[in-house]
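What's in my_file_6.tsv: TSV, C-alpha atoms
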chain	number	residue	atom	x	y	z
T	1	MET	CA	49.53	-166.82	-168.34
T	2	VAL	CA	52.01	-169.67	-168.08
T	3	ARG	CA	55.64	-168.74	-168.62
T	4	SER	CA	58.85	-170.68	-168.79
T	5	VAL	CA	61.69	-170.41	-166.28
T	6	SER	CA	63.48	-167.08	-166.53
T	7	THR	CA	66.02	-165.09	-164.57
T	8	LYS	CA	63.15	-163.38	-162.80
T	9	VAL	CA	62.14	-166.58	-161.05
T	10	SER	CA	63.21	-166.35	-157.44
T	11	ALA	CA	64.11	-170.03	-157.18
T	12	PRO	CA	67.80	-170.80	-157.79
T	13	PRO	CA	68.93	-172.83	-160.83
T	14	SER	CA	69.99	-175.81	-158.71
T	15	MET	CA	66.41	-176.28	-157.50
T	16	ARG	CA	64.59	-175.70	-160.81
T	17	THR	CA	63.94	-179.36	-161.51
T	18	GLY	CA	61.17	-179.14	-158.93
T	19	ILE	CA	59.51	-176.01	-160.28
T	20	ARG	CA	56.18	-176.04	-161.98
T	21	PRO	CA	54.96	-172.78	-163.56
T	22	GLY	CA	51.43	-171.93	-162.57
T	23	PRO	CA	48.84	-169.64	-164.10
T	24	GLU	CA	49.33	-165.88	-164.01
T	25	ASP	CA	53.07	-166.08	-163.29
T	26	CYS	CA	52.72	-168.02	-160.06
T	27	TRP	CA	55.35	-170.64	-159.31
T	28	ILE	CA	55.45	-173.88	-157.35
T	29	LEU	CA	58.80	-175.17	-156.10
T	30	HIS	CA	58.71	-178.76	-154.91
T	31	GLU	CA	62.08	-180.41	-154.34
T	32	ARG	CA	64.20	-182.52	-152.00
T	33	ALA	CA	67.78	-181.78	-150.96
T	34	ARG	CA	70.20	-182.48	-148.13
T	35	GLN	CA	72.33	-179.39	-148.75
T	36	HIS	CA	71.28	-176.18	-150.39
T	37	TYR	CA	72.19	-172.50	-150.14
T	38	TRP	CA	70.83	-169.55	-152.08
T	39	LYS	CA	70.63	-165.79	-151.56
T	40	GLY	CA	68.61	-163.22	-153.48
T	41	ALA	CA	65.30	-161.35	-153.70
T	42	GLY	CA	62.05	-163.15	-154.39
T	43	SER	CA	58.34	-162.76	-154.96
T	44	LEU	CA	55.73	-162.84	-152.23
T	45	SER	CA	55.99	-166.44	-151.11
T	46	ILE	CA	54.90	-169.13	-148.66
T	47	LYS	CA	57.64	-171.54	-147.55
T	48	THR	CA	56.95	-175.01	-146.13
T	49	PHE	CA	59.31	-177.91	-145.38
T	50	TYR	CA	58.89	-181.56	-144.44
T	51	GLY	CA	61.24	-184.20	-143.05
T	52	GLY	CA	63.64	-181.55	-141.76
T	53	SER	CA	64.09	-177.80	-141.63
T	54	ALA	CA	65.44	-174.83	-143.57
T	55	HIS	CA	67.15	-171.81	-142.06
T	56	TYR	CA	66.35	-168.38	-143.47
T	57	GLU	CA	68.26	-165.16	-142.83
T	58	VAL	CA	66.19	-162.07	-143.56
T	59	GLY	CA	68.11	-158.94	-142.63
T	60	ARG	CA	68.90	-159.35	-138.93
T	61	GLY	CA	66.18	-161.93	-138.55
T	62	HIS	CA	66.57	-165.71	-138.46
T	63	HIS	CA	63.73	-168.12	-139.21
T	64	CYS	CA	63.79	-171.91	-138.85
T	65	VAL	CA	60.98	-173.46	-140.91
T	66	ASP	CA	60.07	-177.11	-140.30
T	67	GLU	CA	56.98	-179.31	-140.31
T	68	THR	CA	55.33	-177.24	-137.57
T	69	SER	CA	55.17	-173.91	-139.40
T	70	TYR	CA	55.22	-171.93	-142.64
T	71	LEU	CA	57.11	-168.73	-143.43
T	72	VAL	CA	55.71	-165.78	-145.39
T	73	LEU	CA	58.03	-163.32	-147.16
T	74	ASN	CA	56.98	-160.23	-149.09
T	75	HIS	CA	57.69	-159.32	-152.69
T	76	GLY	CA	61.20	-157.96	-153.23
T	77	GLN	CA	62.51	-159.19	-149.87
T	78	THR	CA	66.16	-160.26	-149.92
T	79	TYR	CA	66.90	-163.42	-147.99
T	80	ALA	CA	69.30	-166.35	-147.74
T	81	ILE	CA	68.16	-169.96	-147.35
T	82	ASN	CA	70.35	-172.74	-146.02
T	83	ILE	CA	69.57	-176.46	-145.79
T	84	ASP	CA	72.16	-178.73	-144.21
T	85	ALA	CA	70.75	-182.09	-143.17
T	86	ARG	CA	71.65	-185.76	-143.06
T	87	GLN	CA	68.42	-186.77	-144.76
T	88	PRO	CA	66.75	-185.07	-147.74
T	89	VAL	CA	64.47	-182.19	-146.73
T	90	GLU	CA	61.34	-181.69	-148.81
T	91	SER	CA	60.52	-178.11	-149.78
T	92	PHE	CA	57.13	-176.97	-151.03
T	93	CYS	CA	57.10	-173.24	-151.72
T	94	LEU	CA	54.62	-171.01	-153.55
T	95	PHE	CA	55.58	-167.75	-155.27
T	96	PHE	CA	53.03	-165.07	-156.21
T	97	PRO	CA	53.51	-161.90	-158.31
T	98	PRO	CA	52.23	-158.64	-156.72
T	99	GLY	CA	49.38	-158.23	-159.20
T	100	PHE	CA	47.97	-161.65	-158.40
T	101	VAL	CA	47.73	-161.00	-154.67
T	102	ALA	CA	46.62	-157.37	-155.10
T	103	GLN	CA	43.72	-158.37	-157.30
T	104	ILE	CA	42.46	-160.93	-154.80
T	105	TYR	CA	42.93	-158.48	-151.93
T	106	GLN	CA	40.90	-155.84	-153.75
T	107	SER	CA	38.13	-158.31	-154.57
T	108	LEU	CA	37.82	-159.17	-150.86
T	109	THR	CA	38.12	-155.59	-149.61
T	110	PHE	CA	36.18	-153.32	-151.97
T	111	LYS	CA	32.50	-153.28	-152.75
T	112	ALA	CA	31.36	-154.75	-156.06
T	113	GLU	CA	30.36	-151.31	-157.39
T	114	ARG	CA	33.86	-149.97	-156.90
T	115	LEU	CA	35.46	-153.06	-158.42
T	116	ALA	CA	33.27	-152.67	-161.50
T	117	ASP	CA	34.70	-149.18	-162.06
T	118	CYS	CA	38.32	-150.45	-161.99
T	119	LEU	CA	39.82	-151.32	-165.34
T	120	ALA	CA	42.84	-153.01	-163.71
T	121	PRO	CA	44.08	-153.73	-160.20
T	122	ASP	CA	46.19	-151.06	-158.55
T	123	ASN	CA	49.60	-152.65	-157.94
T	124	SER	CA	51.34	-149.41	-157.01
T	125	GLN	CA	50.92	-150.20	-153.29
T	126	PRO	CA	51.73	-153.92	-152.84
T	127	LEU	CA	50.16	-155.59	-149.84
T	128	HIS	CA	52.70	-155.94	-147.03
T	129	LEU	CA	52.19	-159.06	-144.93
T	130	PHE	CA	53.83	-159.83	-141.60
T	131	GLU	CA	57.05	-161.71	-142.33
T	132	LYS	CA	57.28	-164.40	-139.69
T	133	ASN	CA	56.86	-168.06	-138.88
T	134	TYR	CA	53.19	-168.99	-138.70
T	135	PRO	CA	52.28	-172.19	-136.83
T	136	HIS	CA	50.32	-174.57	-139.04
T	137	ASP	CA	46.67	-173.72	-138.62
T	138	GLU	CA	43.17	-174.72	-139.68
T	139	ILE	CA	42.84	-171.89	-142.21
T	140	LEU	CA	45.77	-171.93	-144.62
T	141	SER	CA	47.61	-175.16	-143.81
T	142	PRO	CA	44.94	-177.62	-145.04
T	143	ALA	CA	44.96	-175.94	-148.45
T	144	LEU	CA	48.76	-176.08	-148.58
T	145	PHE	CA	48.79	-179.77	-147.68
T	146	ARG	CA	46.10	-180.53	-150.27
T	147	LEU	CA	47.89	-178.67	-153.05
T	148	ARG	CA	51.20	-180.33	-152.22
T	149	ALA	CA	49.59	-183.75	-152.57
T	150	ARG	CA	47.83	-183.21	-155.91
T	151	TYR	CA	49.09	-180.15	-157.80
T	152	GLN	CA	50.78	-182.33	-160.42
T	153	THR	CA	47.41	-183.83	-161.39
T	154	LEU	CA	45.59	-180.51	-161.82
T	155	ASP	CA	44.93	-178.76	-165.10
T	156	ALA	CA	45.55	-175.03	-165.44
T	157	GLY	CA	41.98	-174.06	-164.61
T	158	ARG	CA	41.82	-176.08	-161.41
T	159	LEU	CA	45.30	-174.98	-160.39
T	160	ILE	CA	44.39	-171.30	-160.65
T	161	GLU	CA	41.36	-171.93	-158.42
T	162	GLU	CA	43.55	-173.62	-155.82
T	163	LEU	CA	46.06	-170.76	-155.87
T	164	HIS	CA	43.28	-168.18	-155.52
T	165	ASP	CA	41.91	-170.11	-152.55
T	166	ILE	CA	45.34	-170.21	-150.89
T	167	VAL	CA	45.82	-166.45	-151.26
T	168	GLU	CA	42.33	-165.81	-149.86
T	169	ARG	CA	43.18	-167.98	-146.87
T	170	LEU	CA	46.51	-166.19	-146.44
T	171	LEU	CA	44.66	-162.88	-146.33
T	172	ARG	CA	42.30	-164.29	-143.68
T	173	VAL	CA	45.35	-165.21	-141.58
T	174	HIS	CA	46.71	-161.69	-142.12
T	175	LYS	CA	43.43	-160.24	-140.85
T	176	LEU	CA	43.68	-162.33	-137.68
T	177	VAL	CA	47.23	-161.10	-137.09
T	178	LEU	CA	46.00	-157.52	-137.41
T	179	ARG	CA	43.55	-158.28	-134.62
T	180	ASP	CA	46.40	-159.64	-132.50
T	181	THR	CA	48.24	-156.33	-132.83
T	182	GLU	CA	45.35	-154.58	-131.08
T	183	ARG	CA	46.59	-156.03	-127.77
T	184	LEU	CA	49.59	-153.72	-127.90
T	185	ASP	CA	49.58	-150.47	-125.94
T	186	SER	CA	49.60	-147.94	-128.74
T	187	ILE	CA	46.97	-145.65	-130.20
T	188	ARG	CA	48.29	-145.62	-133.78
T	189	PRO	CA	47.70	-148.82	-135.80
T	190	ALA	CA	50.96	-148.31	-137.71
T	191	THR	CA	52.89	-148.29	-134.43
T	192	ARG	CA	51.15	-151.44	-133.21
T	193	HIS	CA	51.93	-153.20	-136.48
T	194	GLU	CA	55.59	-152.25	-136.29
T	195	LEU	CA	55.90	-153.33	-132.65
T	196	TYR	CA	54.27	-156.66	-133.51
T	197	ARG	CA	56.68	-157.13	-136.40
T	198	ARG	CA	59.67	-156.50	-134.15
T	199	ALA	CA	58.39	-158.83	-131.43
T	200	SER	CA	57.95	-161.47	-134.13
T	201	LEU	CA	61.58	-160.99	-135.17
T	202	ALA	CA	62.65	-161.73	-131.60
T	203	ARG	CA	60.36	-164.75	-131.36
T	204	ASP	CA	61.55	-166.28	-134.64
T	205	TYR	CA	65.18	-165.60	-133.70
T	206	LEU	CA	64.71	-167.48	-130.42
T	207	HIS	CA	62.96	-170.31	-132.26
T	208	ALA	CA	65.77	-170.63	-134.81
T	209	MET	CA	68.81	-169.94	-132.62
T	210	PHE	CA	67.67	-171.49	-129.33
T	211	ALA	CA	70.77	-173.70	-129.03
T	212	GLU	CA	73.14	-170.72	-129.17
T	213	PRO	CA	74.07	-168.39	-126.28
T	214	ILE	CA	71.43	-165.65	-126.38
T	215	THR	CA	71.63	-162.35	-124.52
T	216	LEU	CA	68.96	-159.73	-124.00
T	217	PRO	CA	71.12	-156.94	-125.51
T	218	GLY	CA	71.76	-159.07	-128.60
T	219	LEU	CA	68.09	-159.95	-128.99
T	220	ALA	CA	67.10	-156.30	-128.56
T	221	THR	CA	69.46	-155.44	-131.42
T	222	VAL	CA	67.79	-158.04	-133.64
T	223	ALA	CA	64.36	-156.59	-132.86
T	224	CYS	CA	65.52	-152.96	-133.05
T	225	LEU	CA	63.97	-152.21	-129.66
T	226	SER	CA	65.29	-151.16	-126.30
T	227	GLN	CA	65.65	-154.03	-123.84
T	228	ASN	CA	62.76	-152.87	-121.65
T	229	HIS	CA	60.54	-152.20	-124.64
T	230	LEU	CA	61.28	-155.64	-126.05
T	231	LEU	CA	60.49	-157.37	-122.76
T	232	SER	CA	57.11	-155.65	-122.39
T	233	THR	CA	56.14	-155.90	-126.07
T	234	PHE	CA	57.00	-159.60	-126.31
T	235	ARG	CA	54.96	-160.37	-123.21
T	236	GLN	CA	51.97	-158.47	-124.60
T	237	VAL	CA	52.12	-160.23	-127.97
T	238	TYR	CA	52.86	-163.80	-126.87
T	239	GLY	CA	51.58	-163.96	-123.30
T	240	GLU	CA	54.92	-165.17	-121.90
T	241	THR	CA	58.37	-163.76	-121.27
T	242	LEU	CA	61.36	-164.15	-123.56
T	243	HIS	CA	62.97	-166.49	-121.01
T	244	GLN	CA	59.85	-168.65	-120.74
T	245	PHE	CA	59.63	-169.00	-124.52
T	246	LEU	CA	63.33	-169.91	-124.81
T	247	ILE	CA	63.13	-172.57	-122.08
T	248	ARG	CA	59.97	-174.05	-123.63
T	249	ARG	CA	61.65	-174.20	-127.05
T	250	ARG	CA	64.77	-175.88	-125.68
T	251	LEU	CA	62.77	-178.43	-123.71
T	252	ALA	CA	60.62	-179.26	-126.73
T	253	GLU	CA	63.72	-179.97	-128.81
T	254	ALA	CA	65.22	-182.03	-125.98
T	255	LYS	CA	62.03	-184.07	-125.86
T	256	ARG	CA	62.24	-184.72	-129.60
T	257	LEU	CA	65.90	-185.77	-129.43
T	258	LEU	CA	65.25	-188.11	-126.51
T	259	ALA	CA	62.54	-189.92	-128.44
T	260	ARG	CA	64.18	-190.03	-131.88
T	261	THR	CA	67.95	-190.31	-131.31
T	262	GLN	CA	70.49	-192.27	-129.31
T	263	MET	CA	72.30	-189.15	-128.06
T	264	PRO	CA	73.20	-189.34	-124.36
T	265	VAL	CA	71.20	-187.14	-122.02
T	266	THR	CA	74.24	-184.97	-121.29
T	267	GLY	CA	74.83	-184.46	-125.01
T	268	ILE	CA	71.20	-183.46	-125.53
T	269	CYS	CA	71.41	-181.04	-122.61
T	270	LEU	CA	74.33	-179.23	-124.24
T	271	ALA	CA	72.93	-179.53	-127.78
T	272	VAL	CA	69.75	-177.61	-126.94
T	273	GLY	CA	71.55	-174.80	-125.14
T	274	PHE	CA	71.58	-175.72	-121.45
T	275	GLU	CA	74.87	-175.45	-119.58
T	276	SER	CA	73.92	-177.45	-116.49
T	277	LEU	CA	72.65	-181.03	-116.54
T	278	GLY	CA	71.08	-180.50	-113.14
T	279	SER	CA	69.02	-177.48	-114.16
T	280	PHE	CA	68.06	-179.20	-117.43
T	281	SER	CA	66.79	-182.29	-115.60
T	282	THR	CA	64.89	-180.17	-113.07
T	283	LEU	CA	63.20	-178.08	-115.76
T	284	PHE	CA	62.40	-181.17	-117.84
T	285	ARG	CA	60.78	-182.96	-114.90
T	286	SER	CA	58.86	-179.83	-113.92
T	287	ARG	CA	57.40	-179.50	-117.42
T	288	PHE	CA	56.81	-183.13	-118.41
T	289	GLY	CA	56.48	-184.89	-115.05
T	290	VAL	CA	59.38	-187.31	-115.58
T	291	SER	CA	63.15	-187.11	-115.84
T	292	PRO	CA	64.81	-187.10	-119.28
T	293	ALA	CA	65.99	-190.70	-118.81
T	294	GLU	CA	62.52	-191.85	-117.76
T	295	TYR	CA	60.94	-190.11	-120.73
T	296	ARG	CA	63.34	-191.88	-123.11
T	297	ARG	CA	62.56	-195.30	-121.62
T	298	VAL	CA	58.84	-194.82	-122.07
T	299	ASN	CA	59.00	-193.32	-125.57
T	300	LYS	CA	61.64	-195.45	-127.27
The structure in this file should be written as structure tokens.
Amino acid sequence: MVRSVSTKVSAPPSMRTGIRPGPEDCWILHERARQHYWKGAGSLSIKTFYGGSAHYEVGRGHHCVDETSYLVLNHGQTYAINIDARQPVESFCLFFPPGFVAQIYQSLTFKAERLADCLAPDNSQPLHLFEKNYPHDEILSPALFRLRARYQTLDAGRLIEELHDIVERLLRVHKLVLRDTERLDSIRPATRHELYRRASLARDYLHAMFAEPITLPGLATVACLSQNHLLSTFRQVYGETLHQFLIRRRLAEAKRLLARTQMPVTGICLAVGFESLGSFSTLFRSRFGVSPAEYRRVNK
């Protein structure tokens, strides 16, 4: 069913010019903006951004979504989105009602005989996905890119097929994440899933807030774990320590700024969160084989 914009749509009024209603109460939000802020609860959704980034606050968590990743949020989740950029940032976000996703999940999970006995999908237990930044991949991302490029040319029948395919791919990604949780030292699956979720909160916080002063006690509070538990869980999930991840994130941003801006090296050092130019230069050379100044000369 195609419906018009209503108060139930999770996209804010200021962005509605870019919304296209899809079949079965799905929504596509495709818009550009330099500044935007909105807070509220939304449907299960996939968030992607191009030409810049958007900052999401979800409870204690912080997520920075840019061209390298997509963010998944569950139905009913309250969040705030903030875009503040010099150049317009392109958003392409998909919103799915619980029944739409539940029906596809059941069709992929249950045997055909059982599905034939069901008169309607059971939406009483909505599927709960892992809310986190997902790096663009070879499973879901190609379908997102394809839909972004041509959704305006599709008729309702073809659009519903594309949306079904995207949800199926999202569920395949979810299945892979469930396998990742098996690396954690816990017998109960529910405990592993929760530990993975909390480690992901810490990871996304570091990714989004890397330029700010970050302490282990503060990060443990974000993840709702003890400091020791966070250190061991993060290392099990991501194969590196919190400190290693933070340094890698800061150096990656420094590399980008050196190649794309005219900021002085000292300014970049401070902008990405380092306090010492000497340690920044040493770490940069150790990782990339050249000094920051040499890298800029070669890549300008």
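For the choices T:Leu257, T:Leu230, T:Cys26, T:Ile247, the atom-to-atom distance to Phe96 (chain T) is smallest for T:Cys26 when using all atoms listed in the file.
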**Q.** Shell of 8 Å around region 258-263 of chain T, only C-alpha atoms, local chain residues under 6 positions omitted, as an MDAnalysis selection string
**A.** chainID T and resid 292 295:296 299:300
Q: Excluding Arg146 (chain T) and residues on its chain fewer than 3 positions from it, collect all residues at most 12 Å away from it, counting only C-alpha atoms, and give them as JSON, numbers by chain.
A: {"T": [92, 140, 141, 142, 143, 149, 150, 151, 152, 153, 154, 159, 162, 163, 165, 166]}
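In this comparison, which uses only C-alpha atoms, the residue of T:Leu44, T:Ala80, T:Cys269, T:Val177 approaching Tyr56 (chain T) most closely is T:Ala80.
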Q: With a distance cut-off of 8 Å and only C-alpha atoms, select the neighbouring residues of region 219-224 of chain T, excluding the residue or stretch itself and same-chain residues fewer than 4 positions from it, and output the selection as an MDAnalysis selection string.
A: chainID T and resid 60:61 198:199 201:202 205 214:215 230
Q | Local residues around (57.5, -164.6, -133.9), at most 9 Å away, using all atoms listed in the file, as a PyMOL selection string | A | chain T and resi 63+131-134+196-207+238
Restricting the output to C-alpha atoms, write the selected residues as a PDB file, in the coordinates of the input.
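Heads up, here's the output in part-v3.pdb:
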ATOM      1  CA  HIS T  63      63.730-168.120-139.210  1.00  0.00           C
ATOM      2  CA  GLU T 131      57.050-161.710-142.330  1.00  0.00           C
ATOM      3  CA  LYS T 132      57.280-164.400-139.690  1.00  0.00           C
ATOM      4  CA  ASN T 133      56.860-168.060-138.880  1.00  0.00           C
ATOM      5  CA  TYR T 134      53.190-168.990-138.700  1.00  0.00           C
ATOM      6  CA  TYR T 196      54.270-156.660-133.510  1.00  0.00           C
ATOM      7  CA  ARG T 197      56.680-157.130-136.400  1.00  0.00           C
ATOM      8  CA  ARG T 198      59.670-156.500-134.150  1.00  0.00           C
ATOM      9  CA  ALA T 199      58.390-158.830-131.430  1.00  0.00           C
ATOM     10  CA  SER T 200      57.950-161.470-134.130  1.00  0.00           C
ATOM     11  CA  LEU T 201      61.580-160.990-135.170  1.00  0.00           C
ATOM     12  CA  ALA T 202      62.650-161.730-131.600  1.00  0.00           C
ATOM     13  CA  ARG T 203      60.360-164.750-131.360  1.00  0.00           C
ATOM     14  CA  ASP T 204      61.550-166.280-134.640  1.00  0.00           C
ATOM     15  CA  TYR T 205      65.180-165.600-133.700  1.00  0.00           C
ATOM     16  CA  LEU T 206      64.710-167.480-130.420  1.00  0.00           C
ATOM     17  CA  HIS T 207      62.960-170.310-132.260  1.00  0.00           C
ATOM     18  CA  TYR T 238      52.860-163.800-126.870  1.00  0.00           C
TER      19      TYR T 238
END
Q: Tell me, in Å to one decimal, how far CA of Tyr105 (chain T) is from CA of His136 (chain T).
A: 21.9 Å
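Closest approach to Ile83 (chain T) among T:Leu277, T:Val272, T:Leu195, T:Ala54: T:Ala54, based on only C-alpha atoms.
Using only C-alpha atoms for every distance, the candidate list T:Leu184, T:Leu176, T:Leu216, T:Ile104 yields T:Ile104 as the residue closest to Glu161 (chain T).
Each of T:Asn228, T:Ser91, T:Gln77, T:Gln236 was compared to Thr181 (chain T) using only C-alpha atoms, and T:Gln236 turns out to be the nearest.
Reported to one decimal place, the separation of CA of Tyr37 (chain T) from CA of Tyr79 (chain T) is 10.7 Å.
Note that the spacing between CA of Ala85 (chain T) and CA of Asp137 (chain T) amounts to 25.9 Å.
With only C-alpha atoms as the atoms that count, the minimum distance from Ser53 (chain T) to the choices T:Asp25, T:Glu182, T:Glu31, T:Asp84 is reached by T:Asp84.
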**Q.** Local residues around (60.9, -174.6, -127.1), at most 12 Å away, using all atoms listed in the file, as a ChimeraX atom specification
**A.** /T:203-211,242-256,272-273,284,287
